[in-house]
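Below: work26.pdb (PDB, C-alpha atoms, pLDDT in the B column)
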```
MODEL        1
ATOM      1  CA  MET A 293     -40.229  32.032  55.828  1.00 93.00           C
ATOM      2  CA  LYS A 294     -38.331  33.151  58.913  1.00 94.00           C
ATOM      3  CA  GLU A 295     -35.466  30.815  58.039  1.00 97.00           C
ATOM      4  CA  LEU A 296     -35.227  32.293  54.546  1.00 97.00           C
ATOM      5  CA  ILE A 297     -35.051  35.830  55.913  1.00 97.00           C
ATOM      6  CA  LYS A 298     -32.369  34.804  58.422  1.00 95.00           C
ATOM      7  CA  ARG A 299     -30.306  33.212  55.649  1.00 96.00           C
ATOM      8  CA  LEU A 300     -30.623  36.281  53.443  1.00 97.00           C
ATOM      9  CA  ILE A 301     -29.521  38.569  56.276  1.00 97.00           C
ATOM     10  CA  PHE A 302     -26.564  36.294  57.079  1.00 96.00           C
ATOM     11  CA  ALA A 303     -25.557  36.213  53.393  1.00 97.00           C
ATOM     12  CA  TRP A 304     -25.714  40.001  53.192  1.00 98.00           C
ATOM     13  CA  ARG A 305     -23.610  40.414  56.361  1.00 97.00           C
ATOM     14  CA  PHE A 306     -21.144  37.794  55.123  1.00 98.00           C
ATOM     15  CA  LYS A 307     -20.652  39.573  51.790  1.00 98.00           C
ATOM     16  CA  ARG A 308     -20.108  42.855  53.592  1.00 98.00           C
ATOM     17  CA  ALA A 309     -17.553  41.294  55.967  1.00 98.00           C
ATOM     18  CA  VAL A 310     -15.660  39.671  53.073  1.00 98.00           C
ATOM     19  CA  ARG A 311     -15.536  42.979  51.221  1.00 98.00           C
ATOM     20  CA  LYS A 312     -14.244  44.704  54.360  1.00 98.00           C
ATOM     21  CA  ALA A 313     -11.591  42.006  54.910  1.00 98.00           C
ATOM     22  CA  ASP A 314     -10.385  42.282  51.320  1.00 98.00           C
ATOM     23  CA  ASN A 315     -10.158  46.065  51.531  1.00 97.00           C
ATOM     24  CA  MET A 316      -8.240  45.926  54.806  1.00 97.00           C
ATOM     25  CA  HIS A 317      -5.887  43.300  53.357  1.00 97.00           C
ATOM     26  CA  ARG A 318      -5.236  45.481  50.320  1.00 97.00           C
ATOM     27  CA  LEU A 319      -4.422  48.496  52.514  1.00 97.00           C
ATOM     28  CA  GLN A 320      -2.420  46.853  55.314  1.00 96.00           C
ATOM     29  CA  ARG A 321      -0.980  43.736  53.615  1.00 95.00           C
ATOM     30  CA  MET A 322      -1.937  41.584  56.598  1.00 95.00           C
ATOM     31  CA  LYS A 323      -3.955  38.374  56.726  1.00 97.00           C
ATOM     32  CA  PHE A 324      -7.548  38.875  57.874  1.00 98.00           C
ATOM     33  CA  LEU A 325     -10.139  36.322  59.010  1.00 97.00           C
ATOM     34  CA  VAL A 326     -13.923  36.525  59.009  1.00 98.00           C
ATOM     35  CA  ILE A 327     -15.003  34.652  62.134  1.00 96.00           C
ATOM     36  CA  LEU A 328     -18.005  34.471  64.426  1.00 94.00           C
ATOM     37  CA  LEU A 329     -17.324  36.344  67.689  1.00 92.00           C
ATOM     38  CA  ASN A 330     -20.054  36.971  70.236  1.00 90.00           C
ATOM     39  CA  GLY A 331     -22.687  35.831  67.743  1.00 91.00           C
ATOM     40  CA  LYS A 332     -21.634  38.321  65.058  1.00 94.00           C
ATOM     41  CA  LEU A 333     -19.423  38.103  62.005  1.00 96.00           C
ATOM     42  CA  GLN A 334     -16.208  39.971  62.741  1.00 96.00           C
ATOM     43  CA  VAL A 335     -13.216  40.834  60.594  1.00 97.00           C
ATOM     44  CA  VAL A 336     -10.096  40.183  62.661  1.00 97.00           C
ATOM     45  CA  ALA A 337      -6.420  40.357  61.768  1.00 97.00           C
ATOM     46  CA  LYS A 338      -4.494  37.140  62.278  1.00 96.00           C
ATOM     47  CA  GLN A 339      -2.135  38.997  64.622  1.00 95.00           C
ATOM     48  CA  ASP A 340      -5.102  40.065  66.742  1.00 95.00           C
ATOM     49  CA  CYS A 341      -6.256  36.435  66.930  1.00 94.00           C
ATOM     50  CA  ARG A 342      -2.861  35.522  68.320  1.00 94.00           C
ATOM     51  CA  ARG A 343      -3.179  38.302  70.900  1.00 95.00           C
ATOM     52  CA  LEU A 344      -6.645  37.081  71.882  1.00 93.00           C
ATOM     53  CA  ILE A 345      -5.283  33.546  72.338  1.00 94.00           C
ATOM     54  CA  ARG A 346      -2.546  34.848  74.634  1.00 94.00           C
ATOM     55  CA  GLN A 347      -5.140  36.761  76.650  1.00 95.00           C
ATOM     56  CA  ARG A 348      -7.238  33.558  77.022  1.00 93.00           C
ATOM     57  CA  TYR A 349     -10.227  34.948  75.115  1.00 92.00           C
ATOM     58  CA  PHE A 350     -10.673  31.507  73.575  1.00 92.00           C
ATOM     59  CA  LYS A 351     -10.732  28.178  75.412  1.00 92.00           C
ATOM     60  CA  LYS A 352      -7.448  26.920  76.798  1.00 92.00           C
ATOM     61  CA  GLY A 353      -5.562  24.911  74.195  1.00 93.00           C
ATOM     62  CA  THR A 354      -6.995  26.765  71.195  1.00 94.00           C
ATOM     63  CA  ARG A 355      -4.406  27.395  68.494  1.00 95.00           C
ATOM     64  CA  ILE A 356      -4.391  29.752  65.549  1.00 95.00           C
ATOM     65  CA  GLU A 357      -4.787  26.763  63.211  1.00 95.00           C
ATOM     66  CA  ASP A 358      -8.050  25.853  64.944  1.00 95.00           C
ATOM     67  CA  ILE A 359      -9.376  29.360  64.430  1.00 96.00           C
ATOM     68  CA  GLU A 360      -8.348  29.328  60.764  1.00 96.00           C
ATOM     69  CA  LYS A 361     -10.206  26.039  60.252  1.00 96.00           C
ATOM     70  CA  ARG A 362     -13.398  27.537  61.672  1.00 95.00           C
ATOM     71  CA  ALA A 363     -13.059  30.862  59.842  1.00 97.00           C
ATOM     72  CA  PHE A 364     -15.661  31.567  57.193  1.00 97.00           C
ATOM     73  CA  TYR A 365     -13.173  33.441  55.022  1.00 98.00           C
ATOM     74  CA  ILE A 366      -9.395  34.037  55.027  1.00 97.00           C
ATOM     75  CA  THR A 367      -7.687  36.644  52.884  1.00 96.00           C
ATOM     76  CA  LYS A 368      -4.698  35.498  50.877  1.00 88.00           C
TER      77      LYS A 368
ENDMDL
END
```

Any chance you could put this one into structure tokens?
Amino acid sequence: MKELIKRLIFAWRFKRAVRKADNMHRLQRMKFLVILLNGKLQVVAKQDCRRLIRQRYFKKGTRIEDIEKRAFYITK
């Protein structure tokens, strides 16, 4: 039962993040990613991911392609 509730909450948060990413893409015409940061689903611009890589937020050697592979959703 707990697992079902956790999945429902994750699905609800995922839908909300996708909707937010699509809206931000429509307004700013930038590519947005829905990724897991600090245990939460976050909507991040691809440019911001590049900045985070430069600042060594991710492990050394991480590339933007690696982040895109792990992303749950990418706007077109």

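Once the PyMOL selection byres ((chain A and resi 328) around 12) is applied to the shown structure, the selection contains A:Phe302, A:Arg305, A:Phe306, A:Ala309, A:Leu325, A:Val326, A:Ile327, A:Leu329, A:Asn330, A:Gly331, A:Lys332, A:Leu333, A:Gln334, A:Val335, A:Val336, A:Ile359, A:Glu360, A:Arg362, A:Ala363, A:Phe364, A:Tyr365.
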
| task | Please indicate the distance in Å from atom CA of A:Lys307 to atom CA of A:Ile345, rounded to one decimal place. | result |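 Computing it gives 26.4 Å between the two atoms.
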
| said: Would you compute the distance between atom CA of A:Asp314 and atom CA of A:Thr354? Give it in Å to one decimal. | reply: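 Atom CA of A:Asp314 sits 25.4 Å away from atom CA of A:Thr354.
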
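Taking all atoms listed in the file into account, A:Val310 lies nearest to A:Phe324 out of the set A:Phe324, A:Phe350, A:Ile356, A:Leu344.
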
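Here atom CA of A:Leu296 and atom CA of A:Thr367 stand 27.9 Å from one another.
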
With all atoms of stretch 303-319 of chain A from the file as input, state the centre and edge lengths in Å to one decimal of the axis-aligned box that has 3 Å extra on each side, as JSON.
```
{"center_x": -15.1, "center_y": 42.4, "center_z": 53.3, "size_x": 27.3, "size_y": 18.3, "size_z": 12.0}
```

Could you complete stretch 301-317 of chain A so that it carries N, CA, C and O atoms, and give it back as a short mmCIF file (atom, residue, chain, number, x, y, z; two decimals), keeping the file's coordinate frame?
```cif
data_model
loop_
_atom_site.label_atom_id
_atom_site.label_comp_id
_atom_site.auth_asym_id
_atom_site.auth_seq_id
_atom_site.Cartn_x
_atom_site.Cartn_y
_atom_site.Cartn_z
N ILE A 301 -30.23 37.58 55.45
CA ILE A 301 -29.52 38.57 56.28
C ILE A 301 -28.10 38.11 56.53
O ILE A 301 -27.15 38.90 56.44
N PHE A 302 -27.91 36.82 56.85
CA PHE A 302 -26.56 36.29 57.08
C PHE A 302 -25.72 36.42 55.81
O PHE A 302 -24.55 36.82 55.88
N ALA A 303 -26.29 36.11 54.66
CA ALA A 303 -25.56 36.21 53.39
C ALA A 303 -25.14 37.66 53.12
O ALA A 303 -24.01 37.92 52.68
N TRP A 304 -26.02 38.59 53.40
CA TRP A 304 -25.71 40.00 53.19
C TRP A 304 -24.59 40.45 54.13
O TRP A 304 -23.65 41.12 53.69
N ARG A 305 -24.66 40.06 55.39
CA ARG A 305 -23.61 40.41 56.36
C ARG A 305 -22.28 39.75 56.01
O ARG A 305 -21.21 40.34 56.18
N PHE A 306 -22.36 38.50 55.51
CA PHE A 306 -21.14 37.79 55.12
C PHE A 306 -20.45 38.49 53.95
O PHE A 306 -19.25 38.69 53.96
N LYS A 307 -21.22 38.87 52.94
CA LYS A 307 -20.65 39.57 51.79
C LYS A 307 -19.99 40.88 52.22
O LYS A 307 -18.92 41.23 51.75
N ARG A 308 -20.64 41.58 53.11
CA ARG A 308 -20.11 42.86 53.59
C ARG A 308 -18.81 42.64 54.37
O ARG A 308 -17.84 43.40 54.20
N ALA A 309 -18.76 41.59 55.20
CA ALA A 309 -17.55 41.29 55.97
C ALA A 309 -16.41 40.87 55.05
O ALA A 309 -15.26 41.27 55.28
N VAL A 310 -16.70 40.10 54.02
CA VAL A 310 -15.66 39.67 53.07
C VAL A 310 -15.10 40.88 52.33
O VAL A 310 -13.88 41.01 52.15
N ARG A 311 -15.97 41.76 51.91
CA ARG A 311 -15.54 42.98 51.22
C ARG A 311 -14.64 43.82 52.13
O ARG A 311 -13.59 44.33 51.72
N LYS A 312 -15.03 43.94 53.39
CA LYS A 312 -14.24 44.70 54.36
C LYS A 312 -12.88 44.05 54.59
O LYS A 312 -11.86 44.74 54.64
N ALA A 313 -12.85 42.73 54.70
CA ALA A 313 -11.59 42.01 54.91
C ALA A 313 -10.67 42.19 53.72
O ALA A 313 -9.46 42.41 53.88
N ASP A 314 -11.21 42.10 52.51
CA ASP A 314 -10.38 42.28 51.32
C ASP A 314 -9.82 43.69 51.23
O ASP A 314 -8.65 43.89 50.87
N ASN A 315 -10.64 44.69 51.55
CA ASN A 315 -10.16 46.06 51.53
C ASN A 315 -9.07 46.29 52.57
O ASN A 315 -8.05 46.94 52.28
N MET A 316 -9.25 45.76 53.76
CA MET A 316 -8.24 45.93 54.81
C MET A 316 -6.95 45.20 54.44
O MET A 316 -5.85 45.70 54.70
N HIS A 317 -7.07 44.04 53.80
CA HIS A 317 -5.89 43.30 53.36
C HIS A 317 -5.13 44.10 52.30
O HIS A 317 -3.90 44.17 52.32
#
```
